[in-house]
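my_file31.pdb (PDB, C-alpha atoms)
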ATOM      1  CA  MET A   1       6.873 -21.269   3.299
ATOM      2  CA  LYS A   2       7.091 -18.770   6.145
ATOM      3  CA  ALA A   3       5.436 -19.703   9.434
ATOM      4  CA  MET A   4       2.411 -17.649  10.463
ATOM      5  CA  SER A   5       2.343 -15.681  13.686
ATOM      6  CA  PRO A   6       0.504 -17.227  16.651
ATOM      7  CA  GLY A   7      -2.238 -14.590  16.357
ATOM      8  CA  VAL A   8      -2.951 -15.523  12.741
ATOM      9  CA  VAL A   9      -2.961 -19.246  13.563
ATOM     10  CA  ASP A  10      -5.379 -18.610  16.447
ATOM     11  CA  PHE A  11      -7.650 -16.530  14.228
ATOM     12  CA  LEU A  12      -7.695 -19.155  11.472
ATOM     13  CA  PHE A  13      -8.408 -21.910  14.000
ATOM     14  CA  ARG A  14     -11.353 -19.967  15.463
ATOM     15  CA  GLN A  15     -12.696 -19.356  11.950
ATOM     16  CA  LEU A  16     -12.423 -23.063  11.109
ATOM     17  CA  VAL A  17     -14.211 -24.123  14.311
ATOM     18  CA  ALA A  18     -16.996 -21.591  13.705
ATOM     19  CA  GLY A  19     -17.421 -22.738  10.100
ATOM     20  CA  GLU A  20     -16.402 -19.308   8.799
ATOM     21  CA  PRO A  21     -14.124 -18.551   5.822
ATOM     22  CA  PRO A  22     -10.376 -18.477   6.597
ATOM     23  CA  GLU A  23     -10.179 -14.715   6.288
ATOM     24  CA  ASP A  24     -11.379 -11.720   8.244
ATOM     25  CA  VAL A  25     -14.553 -10.518   6.521
ATOM     26  CA  GLN A  26     -15.656  -8.257   9.404
ATOM     27  CA  TRP A  27     -13.198  -5.518   8.428
ATOM     28  CA  ARG A  28     -15.020  -5.064   5.118
ATOM     29  CA  SER A  29     -17.878  -3.401   7.022
ATOM     30  CA  GLU A  30     -15.528  -1.095   8.933
ATOM     31  CA  GLY A  31     -14.514   1.102   5.999
ATOM     32  CA  THR A  32     -12.606   0.967   2.747
ATOM     33  CA  VAL A  33     -10.727  -2.288   2.325
ATOM     34  CA  LEU A  34      -7.026  -1.946   1.565
ATOM     35  CA  ILE A  35      -7.320  -3.347  -1.935
ATOM     36  CA  GLU A  36      -9.975  -0.720  -2.794
ATOM     37  CA  GLN A  37      -8.183   2.249  -1.196
ATOM     38  CA  PRO A  38      -7.238   4.709  -3.944
ATOM     39  CA  PRO A  39      -3.512   5.430  -4.293
ATOM     40  CA  GLY A  40      -2.339   8.438  -2.339
ATOM     41  CA  ALA A  41      -1.338   9.593   1.105
ATOM     42  CA  GLU A  42      -4.029   7.603   2.936
ATOM     43  CA  LEU A  43      -2.992   4.355   1.260
ATOM     44  CA  ALA A  44       0.652   5.059   2.103
ATOM     45  CA  ARG A  45      -0.299   5.678   5.753
ATOM     46  CA  ARG A  46      -2.329   2.490   5.976
ATOM     47  CA  LEU A  47       0.435   0.402   4.403
ATOM     48  CA  ALA A  48       3.038   1.884   6.744
ATOM     49  CA  GLU A  49       0.891   1.189   9.827
ATOM     50  CA  THR A  50       0.004  -2.402   8.897
ATOM     51  CA  ASP A  51       1.438  -5.198  11.026
ATOM     52  CA  LEU A  52       2.526  -7.680   8.357
ATOM     53  CA  GLU A  53       2.861 -10.481  10.905
ATOM     54  CA  ALA A  54      -0.868 -10.246  11.688
ATOM     55  CA  LEU A  55      -2.029 -10.665   8.077
ATOM     56  CA  THR A  56      -3.476 -13.851   6.665
ATOM     57  CA  PRO A  57      -1.958 -15.051   3.381
ATOM     58  CA  ARG A  58      -4.888 -13.515   1.435
ATOM     59  CA  GLU A  59      -4.522 -10.180   3.256
ATOM     60  CA  LEU A  60      -0.776 -10.222   2.620
ATOM     61  CA  PHE A  61      -1.462 -10.744  -1.083
ATOM     62  CA  ASP A  62      -3.873  -7.763  -1.039
ATOM     63  CA  TYR A  63      -1.232  -5.733   0.817
ATOM     64  CA  VAL A  64       1.331  -6.433  -1.908
ATOM     65  CA  ARG A  65      -1.149  -5.485  -4.649
ATOM     66  CA  ALA A  66      -2.028  -2.243  -2.853
ATOM     67  CA  SER A  67       1.650  -1.364  -2.444
ATOM     68  CA  GLN A  68       2.208  -2.003  -6.169
ATOM     69  CA  ARG A  69      -0.634   0.423  -6.963
ATOM     70  CA  LEU A  70       0.970   3.022  -4.705
ATOM     71  CA  VAL A  71       4.346   2.591  -6.428
ATOM     72  CA  ALA A  72       2.749   2.983  -9.881
ATOM     73  CA  TRP A  73       0.932   6.123  -8.710
ATOM     74  CA  ALA A  74       4.165   7.613  -7.329
ATOM     75  CA  GLU A  75       5.969   6.795 -10.585
ATOM     76  CA  GLN A  76       3.298   8.719 -12.521
ATOM     77  CA  LEU A  77       3.791  11.721 -10.244
ATOM     78  CA  LYS A  78       7.541  11.559 -10.807
ATOM     79  CA  GLU A  79       7.136  11.282 -14.577
ATOM     80  CA  LYS A  80       4.854  14.338 -14.636
ATOM     81  CA  ALA A  81       7.350  16.320 -12.589
ATOM     82  CA  VAL A  82      10.265  15.295 -14.814
ATOM     83  CA  ALA A  83       8.260  16.206 -17.936
ATOM     84  CA  GLN A  84       7.421  19.594 -16.430
ATOM     85  CA  TYR A  85      11.050  20.162 -15.492
ATOM     86  CA  CYS A  86      12.271  19.220 -18.957
ATOM     87  CA  SER A  87       9.646  21.240 -20.825
ATOM     88  CA  GLU A  88      10.716  24.293 -22.757
ATOM     89  CA  GLY A  89      11.274  27.376 -20.660
ATOM     90  CA  THR A  90      11.426  25.614 -17.327
ATOM     91  CA  ALA A  91      15.151  24.981 -17.359
ATOM     92  CA  SER A  92      15.898  28.652 -18.057
ATOM     93  CA  SER A  93      13.402  30.111 -15.578
ATOM     94  CA  GLU A  94      14.519  31.874 -12.417
ATOM     95  CA  GLY A  95      13.010  29.246 -10.119
ATOM     96  CA  THR A  96      15.383  26.432 -11.108
ATOM     97  CA  LEU A  97      17.946  25.095  -8.725
ATOM     98  CA  LYS A  98      21.487  26.036  -9.547
ATOM     99  CA  THR A  99      24.623  24.134  -8.651
ATOM    100  CA  PRO A 100      26.880  26.256  -6.418
ATOM    101  CA  LYS A 101      30.264  27.132  -7.854
ATOM    102  CA  PRO A 102      33.210  25.543  -6.076
ATOM    103  CA  ALA A 103      35.073  27.889  -3.763
TER     104      ALA A 103
END

Reformat the file's structure so that it appears as structure tokens.
Amino acid sequence: MKAMSPGVVDFLFRQLVAGEPPEDVQWRSEGTVLIEQPPGAELARRLAETDLEALTPRELFDYVRASQRLVAWAEQLKEKAVAQYCSEGTASSEGTLKTPKPA
């Protein structure tokens, strides 16, 4: 098991002493929680800006689940684009990319 950062250990200790749950519940009142953030650009930004070392094990689990949702969403976008590209008429249209001829 990977060791937790000193900040996480300190947070968990303070929660234990105060009789609070071993997770940060305050952030739920500050906006959309990561696990409930819909897939898209905002979720990608939040994931990219997250300090993984500062997450509790539960938050890290939620982070992984959110990143899996983002990957699935991106895969759907790619599949739609590939289907559009492969549809009839698209390949022969003027807007397609053409491979340059060797000189």

- Task: Choose the residue, out of A:Pro6, A:Phe13, A:Glu20, A:Ala41, that has the smallest atom-to-atom separation from Leu70 (chain A); count all atoms listed in the file.
- Result: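 Result for the nearest residue to Leu70 (chain A): A:Ala41.
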
- Message: Report, in Å to a single decimal, how far apart CA of Glu49 (chain A) and CA of Lys80 (chain A) are.
- Response: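 According to the coordinates, CA of Lys80 (chain A) and CA of Glu49 (chain A) are separated by 28.1 Å.
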
- Message: Quick check on the file I pasted: which residues fall under the PyMOL selection byres ((chain A and resi 46) around 12)? Write them as a ChimeraX atom specification.
- Response: /A:32-35,37-45,47-52,63,66-67,70

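With CA of Ala81 (chain A) on one side and CA of Asp62 (chain A) on the other, the separation reads 29.0 Å.
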